[in-house]
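Asker: Just dropping this structure here.
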Amino acid sequence: MNPETFIYAFTFPLLGVFLGLVYKGIDRRFSARLTSRIGPPIRQPFWDVGKLLLKETVVPENAVAWIFNAMPVVSFAASMTLLLYIPFGVLKAPLEGYGDLIVILYLLTLQSLSMAIGGFASGSPFSSVGAQREMVLMMSYEMPLATVIVGFALVYRSFSLTTIASTPVWSIVGPLAAMGIVLLFIALLVVTPAELAKLPFDIAEAETEICEGMLAEYSGRNLALFYLSDAVRGFAMAALEVVLFFPFTLTGMLDLNLTGTGYYVVEALWFLFKVLVIYLLAVTLVRTSFARFRIEQASRIFWVYVNIIALVGVALVWMGV
Amino acid sequence: MAKTQYYVPVGPIHPALKEPIRVEARVEGEKIVEVDVKRGFAHRGIEYMGMKRNAIQTLYLSERICGICSISHPYAFVVGSEKALGIEAPPRAQYIRTIIGELERIHSHILWLGVVAHEMGFDSLLFWTWKGREKLLDILELITGNRINYSVFMIGGVRRDIKESHVKALRDMINYYRTFNEEMKDVFLSDPVYKARTRGVAQLSKKMALELNVVGPVARAAGIRMDVRQDMPYDAYADIGVRAIVPQDIVGEARGDAYDITMVRLYEIDQSLDIIEYCLDEMPEGKLMAIPNYVALLAKIRRTEGEAIGAHEAPRGEVIHYFRYGNKRDGPLFWKVIAPSYNNINTWKPLLLGAEVADIPIVVAYIDPCMCCNDRLAVVRNEEGRIIDPEALHRKAVEKTERLKRELGVRE
């Protein structure tokens with residue numbers, strides 16, 4: 001093991017968890033301000049995790065204990081691995097040579113899947129209904145998500161995220177394909193709240209219907225792991241959107257002549273700002289201004305409308321490239 | 001392959017319920033195939049307590065029957081009591097009572113709109129509506145001195161006057177809510193997601209509504225023009241001539257679903273504002289109480305022999321109080337309360353059958369249920385005046401059923 005791998009293995013998860021929780025805090029605060037409340041302090045998610053870690057971990061009597069306990073770990077591991085595939089601003093992704101967009105697609109699915117399996121394994125009726133809903137929802141939003149990735153593969157003739165991040169997509173496509181990319185961006189924005197299980201697509205966790213669904217029986221350490229993986233996934237998803245659609249660097253845009261540490265710090269802050277904007281747009285604003293859909297309404301939205309948008313986008317990209 | 005059925009217990013403690021009740025639903029996937037509604041989790045025995053106290057104490061006890069309709073129960077109480085005692089409140093007191101009753105209707109309807117938005121995950125609307133409702137609570141506090149249990153009604157009148165300064169505040173409030181209600185209509189009736197979640201959900205046909213004996217806005221949303229203020233006018237309502245609002249008046253047809261009931265409630269807010277405005281314009285002068293001396297009032301109650309029914313149209317439907325005075329007691333000899341939720345909860349079972357799990361909170365919330373209005377203590381006495389215990393009562397009921405079966409020649 002060389003020192004670089006060592007640093008990546010320890011710094012990235014820590015940074016990911018930290019950023020995920022900070023973004024969650026900002027999200028809660030911003031959402032509260034939108035609804036004329038004061039909201040919790042931004043450090044509240046850290047306290048939440050700390051409190052959950054201190055609490056007792058209860059395993060229901062009729063749960064399949066080993067699956068029930070393993071799934072939070074799988075979910076957390078998947079979100080951590082996901083983080084290692086996303087280029088952080090101008091920094092290269094630690095695992096860039098070992099996977100591409102397809103792997104990211106699978107890692108995103110793996111988290112939802114582990115929550116669903118954990119829900120089924122808990123033996124609670126609320127969790128079972130929630131897990132069923134999660135499966136249906138996954139089947140609905142995977143298709144548009146895959147279509148977006150196919151669109152990018154058409155432009156770059158490659159699934160590699162490093163290739164995509166190195167050249168902004170807008171600089172290599174014509175006007176027709178650019179319109180297609182915009183449509184793909186819209187489709188991905190709609191998929192984001194569903195992927196992150198946020199309103200209006202938090203159907204699998206609907207609090208007033210099935211008491212948080214899949215998470216109903218989770219407590220203590222297991223819930224903390226799900227909470228962390230959810231936070232990291234939120235950050236990763238927004239970061240992925242930034243990498244795909246807005247990979248512009250600040251120094252490149254303003255023609256700045258920065259070198260060394262200054263360059264990396266400025267670019268990192270710029271990247272975090274872009275991620276924050278996408279996060280607030282795709283998650284916070286949407287979740288404050290919508291009611292929860294029924295599962296069949298959500299399926300219809302993804303299968304019909306979002307799919308059409310994404311497919312038209314791919315067609316435009318195909319014609320334009 | 002047989003489909004897996006899950007058993008989803010909703011309540012007695014559940015995020016969708018604010019008070020204890022249990023809905024046991026058996027689901028196949030998302031569809032509900034079997035429902036059982038169980039009530040009786042809140043035991044309070046307020047009627048029994050009321051029968052041990054004098055009438056004025058019982059009046060303030062009746063405010064505690066419900067947390068939201070804290071004026072509806074006393075309203076029915078004073079109307080019924082006055083009928084039984086043969087006294088009439090002075091006209092000014094009647095108008096003040098009507099104003100307070102209508103203020104409560106507005107705040108209850110706004111509260112419901114927030115709750116139903118919360119049930120479908122629309123928390124922004126919940127915060128917005130409840131923020132708008134604050135002004136009304138402030139006005140109620142200004143007029144009565146209290147925000148929740150106003151303690152302002154009295155048998156034969158009211159205890160506090162509406163002064164000139166209050167009138168100005170009330171008129172400001174009316175203007176504020178006219179604008180606010182227009183905004184609410186915009187948000188609730190035109191929002192596509194709200195429409196998608198409520199259109200066709202909890203749909204009650206007119207026939208079904210009549211069979212299930214529903215009351216209040218639920219019945220009106222199904223197209224039945226019924227309202228105590230219209231059918232049995234009392235106090236200032238007799239001068240105004242209230243006409244119950246039904247969806248036919250607004251959009252030409254009544255579907256009786258959760259969307260229609262939202263519409264009915266939104267338009268009832270306008271109606272209440274009109275009533276308050278009328279009362280302010282036409283407020284007669286005069287005294288506030290028919291019998292201002294409490295000792296004299298209690299003495300009159302002690303001399304009275306009689307019974308009566310008082311009804312008031314609460315925000316949720318009709319509240320009915322039955323009284324009997326007599327036996328030289330200064331309190332009700334017998335007091336029976338019927339709250340609207342008791343009738344309306346009957347709609348849950350037929351509406352939930354065949355619905356989706358996602359509809360449970362909306363079906364539960366659309367009648368604006370109040371569990372503590374529901375739970376009553378029944379005291380049954382035999383011929384000698386002794387209290388019959390539950391086992392004996394059950395035995396007697398079985399015996400009676402057997403006797404009826406024998407007499408009617410019914411065989412199992």
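Following the order of the structure tokens, first chain is A, next is B, and so on, with residues numbered from 1 inside each chain and ligands from 1 in the order they appear.
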Output as number ranges by chain all residues of region 56-226 of chain A that backbone DSSP marks as alpha helix (DSSP H).
Answerer: A: 65-83, 101-122, 125-156, 161-166, 169-172, 175-195, 207-210, 220-226
Asker: Determine which residues of chain A sit within 12 Å of chain B, taking into account only C-alpha atoms, and present them as a PyMOL selection string.
Answerer: chain A and resi 31-38+120+123-133+135-136+198-213+216+284-298+301
Asker: Show which residues sit within 7 Å of Ala254 (chain B), as JSON, numbers by chain. Count only C-alpha atoms, and ignore same-chain residues fewer than 3 positions away.
Answerer: {"B": [221, 222, 223, 247, 248]}
Asker: Now that the selection is made, can you save its residues with C-alpha atoms as a PDB file, in the first residue's frame?
Answerer:
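Full text of out.pdb as output:
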ATOM      1  CA  ALA B 221     -69.216  17.989   0.126  1.00  0.00           C
ATOM      2  CA  ALA B 222     -71.281  14.967  -0.926  1.00  0.00           C
ATOM      3  CA  GLY B 223     -73.990  17.370  -2.079  1.00  0.00           C
ATOM      4  CA  PRO B 247     -70.131  22.058  -4.241  1.00  0.00           C
ATOM      5  CA  GLN B 248     -73.074  22.358  -6.641  1.00  0.00           C
TER       6      GLN B 248
END
Asker: So what do you get for CA of Trp348 (chain B) versus CA of Lys336 (chain B), distance-wise?
Answerer: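 Atom-to-atom, CA of Trp348 (chain B) to CA of Lys336 (chain B), that is 24.5 Å.
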Asker: Could you name the residues that touch Ser229 (chain A) at 7 Å or less, counting only C-alpha atoms, but leaving out those on the same chain fewer than 3 positions away, as a PDB file with N, CA, C and O atoms, in the first residue's frame?
Answerer:
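Saved file selection_11.pdb follows:
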ATOM      1  N   SER A  75     -24.827  -0.310   2.634  1.00  0.00           N
ATOM      2  CA  SER A  75     -25.263   0.988   2.114  1.00  0.00           C
ATOM      3  C   SER A  75     -24.175   2.043   2.329  1.00  0.00           C
ATOM      4  O   SER A  75     -23.849   2.814   1.420  1.00  0.00           O
ATOM      5  N   PHE A  76     -23.612   2.045   3.531  1.00  0.00           N
ATOM      6  CA  PHE A  76     -22.579   3.025   3.846  1.00  0.00           C
ATOM      7  C   PHE A  76     -21.341   2.798   2.984  1.00  0.00           C
ATOM      8  O   PHE A  76     -20.768   3.739   2.424  1.00  0.00           O
ATOM      9  N   SER A  79     -21.918   4.019  -0.528  1.00  0.00           N
ATOM     10  CA  SER A  79     -21.865   5.474  -0.704  1.00  0.00           C
ATOM     11  C   SER A  79     -20.424   5.966  -0.618  1.00  0.00           C
ATOM     12  O   SER A  79     -20.034   6.895  -1.319  1.00  0.00           O
ATOM     13  N   LEU A 225     -25.766   4.672  10.384  1.00  0.00           N
ATOM     14  CA  LEU A 225     -25.087   4.337   9.124  1.00  0.00           C
ATOM     15  C   LEU A 225     -25.947   4.705   7.926  1.00  0.00           C
ATOM     16  O   LEU A 225     -25.463   5.248   6.935  1.00  0.00           O
ATOM     17  N   PHE A 226     -27.255   4.414   8.012  1.00  0.00           N
ATOM     18  CA  PHE A 226     -28.152   4.790   6.917  1.00  0.00           C
ATOM     19  C   PHE A 226     -28.206   6.304   6.761  1.00  0.00           C
ATOM     20  O   PHE A 226     -28.241   6.832   5.659  1.00  0.00           O
ATOM     21  N   VAL A 232     -24.130  11.273   2.481  1.00  0.00           N
ATOM     22  CA  VAL A 232     -23.043  11.189   1.497  1.00  0.00           C
ATOM     23  C   VAL A 232     -23.614  11.055   0.098  1.00  0.00           C
ATOM     24  O   VAL A 232     -23.131  11.664  -0.856  1.00  0.00           O
ATOM     25  N   ARG A 233     -24.687  10.261  -0.020  1.00  0.00           N
ATOM     26  CA  ARG A 233     -25.283  10.053  -1.333  1.00  0.00           C
ATOM     27  C   ARG A 233     -25.824  11.369  -1.892  1.00  0.00           C
ATOM     28  O   ARG A 233     -25.711  11.645  -3.081  1.00  0.00           O
TER      29      ARG A 233
END
Asker: Using only C-alpha atoms, which residue out of A:Val74, A:Val59, A:Val150, A:Ala315 lies closest to Ile102 (chain A)?
Answerer: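 So, comparing all the options, the nearest one is A:Val150.
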Asker: So what do you get for CA of Ile172 (chain A) versus CA of Thr192 (chain A), distance-wise?
Answerer: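 CA of Thr192 (chain A) lies at a distance of 25.4 Å from CA of Ile172 (chain A).
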Asker: Quick check, in Å to one decimal: how far apart do CA of Ala219 (chain B) and CA of Val246 (chain B) lie?
Answerer: 8.8 Å
Asker: Write out as a ChimeraX atom specification the residues lying within 7 Å of Thr57 (chain A), counting only C-alpha atoms and excluding same-chain residues fewer than 3 positions away.
Answerer: /A:219-222
Asker: Taking C-alpha atoms for each residue, export the selection above as a compact mmCIF listing (two decimals), in the first residue's frame.
Answerer:
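Wrote again-v7.txt, looks like this:
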# COMPACT_ATOMS: atom_id res chain seq x y z
CA SER A 219 -32.30 2.38 15.44
CA GLY A 220 -28.98 3.29 16.99
CA ARG A 221 -25.83 2.45 15.02
CA ASN A 222 -27.69 0.94 12.07
Asker: I'd like the neighbourhood of Ser112 (chain A) as a list in words, where a residue qualifies if any of its atoms comes within 10 Å (using only C-alpha atoms), though same-chain residues fewer than 6 positions away should be ignored.
Answerer: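 The residues satisfying every condition are Ser75, Gly118, Ala131, Glu134, Met135, Leu137, Met138, Glu195, Leu196, Ala197 and Asp230 of chain A.
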Asker: Quick one: everything within 12 Å of Tyr264 (chain A), counting only C-alpha atoms, minus sequence neighbours fewer than 4 positions away in the same chain. Send it as an mmCIF file with N, CA, C and O atoms, in the first residue's frame.
Answerer:
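Heads up, here's the output in around_8.cif:
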data_model
loop_
_atom_site.group_PDB
_atom_site.id
_atom_site.type_symbol
_atom_site.label_atom_id
_atom_site.label_comp_id
_atom_site.auth_asym_id
_atom_site.auth_seq_id
_atom_site.Cartn_x
_atom_site.Cartn_y
_atom_site.Cartn_z
ATOM 1 N N PHE A 88 -13.185 15.380 -7.652
ATOM 2 C CA PHE A 88 -13.505 16.457 -6.731
ATOM 3 C C PHE A 88 -12.902 17.748 -7.266
ATOM 4 O O PHE A 88 -11.747 18.065 -7.006
ATOM 5 N N GLY A 89 -13.663 18.493 -8.050
ATOM 6 C CA GLY A 89 -13.151 19.715 -8.642
ATOM 7 C C GLY A 89 -12.027 19.401 -9.614
ATOM 8 O O GLY A 89 -12.212 18.647 -10.565
ATOM 9 N N VAL A 90 -10.851 19.964 -9.334
ATOM 10 C CA VAL A 90 -9.731 19.701 -10.233
ATOM 11 C C VAL A 90 -8.948 18.468 -9.800
ATOM 12 O O VAL A 90 -8.080 17.982 -10.526
ATOM 13 N N LEU A 91 -9.265 17.958 -8.595
ATOM 14 C CA LEU A 91 -8.598 16.723 -8.156
ATOM 15 C C LEU A 91 -9.165 15.554 -8.938
ATOM 16 O O LEU A 91 -10.355 15.526 -9.250
ATOM 17 N N LYS A 92 -8.301 14.585 -9.201
ATOM 18 C CA LYS A 92 -8.786 13.409 -9.926
ATOM 19 C C LYS A 92 -9.447 12.448 -8.943
ATOM 20 O O LYS A 92 -9.117 12.429 -7.752
ATOM 21 N N THR A 249 -13.976 25.389 -14.600
ATOM 22 C CA THR A 249 -13.154 25.820 -13.460
ATOM 23 C C THR A 249 -13.214 27.335 -13.369
ATOM 24 O O THR A 249 -13.365 28.030 -14.380
ATOM 25 N N LEU A 250 -13.064 27.831 -12.150
ATOM 26 C CA LEU A 250 -13.139 29.281 -11.942
ATOM 27 C C LEU A 250 -11.964 29.969 -12.615
ATOM 28 O O LEU A 250 -12.109 31.006 -13.265
ATOM 29 N N THR A 251 -10.761 29.366 -12.462
ATOM 30 C CA THR A 251 -9.567 29.962 -13.078
ATOM 31 C C THR A 251 -9.703 29.988 -14.596
ATOM 32 O O THR A 251 -9.302 30.947 -15.253
ATOM 33 N N LEU A 258 -3.502 31.334 -11.126
ATOM 34 C CA LEU A 258 -3.223 30.818 -9.789
ATOM 35 C C LEU A 258 -2.387 29.558 -9.910
ATOM 36 O O LEU A 258 -2.531 28.780 -10.847
ATOM 37 N N THR A 259 -1.527 29.375 -8.928
ATOM 38 C CA THR A 259 -0.728 28.145 -8.918
ATOM 39 C C THR A 259 -0.682 27.595 -7.499
ATOM 40 O O THR A 259 -1.012 28.286 -6.543
ATOM 41 N N GLY A 260 -0.261 26.349 -7.396
ATOM 42 C CA GLY A 260 -0.003 25.740 -6.102
ATOM 43 C C GLY A 260 -1.252 25.589 -5.252
ATOM 44 O O GLY A 260 -2.344 25.332 -5.754
ATOM 45 N N ALA A 268 -11.488 24.148 -5.192
ATOM 46 C CA ALA A 268 -12.290 23.303 -4.299
ATOM 47 C C ALA A 268 -13.503 24.076 -3.804
ATOM 48 O O ALA A 268 -14.627 23.568 -3.804
ATOM 49 N N LEU A 269 -13.290 25.352 -3.411
ATOM 50 C CA LEU A 269 -14.416 26.157 -2.922
ATOM 51 C C LEU A 269 -15.434 26.397 -4.031
ATOM 52 O O LEU A 269 -16.643 26.333 -3.821
ATOM 53 N N TRP A 270 -14.921 26.650 -5.229
ATOM 54 C CA TRP A 270 -15.800 26.867 -6.390
ATOM 55 C C TRP A 270 -16.639 25.623 -6.663
ATOM 56 O O TRP A 270 -17.847 25.688 -6.896
ATOM 57 N N PHE A 271 -15.986 24.468 -6.594
ATOM 58 C CA PHE A 271 -16.687 23.196 -6.817
ATOM 59 C C PHE A 271 -17.771 23.002 -5.753
ATOM 60 O O PHE A 271 -18.917 22.648 -6.056
#
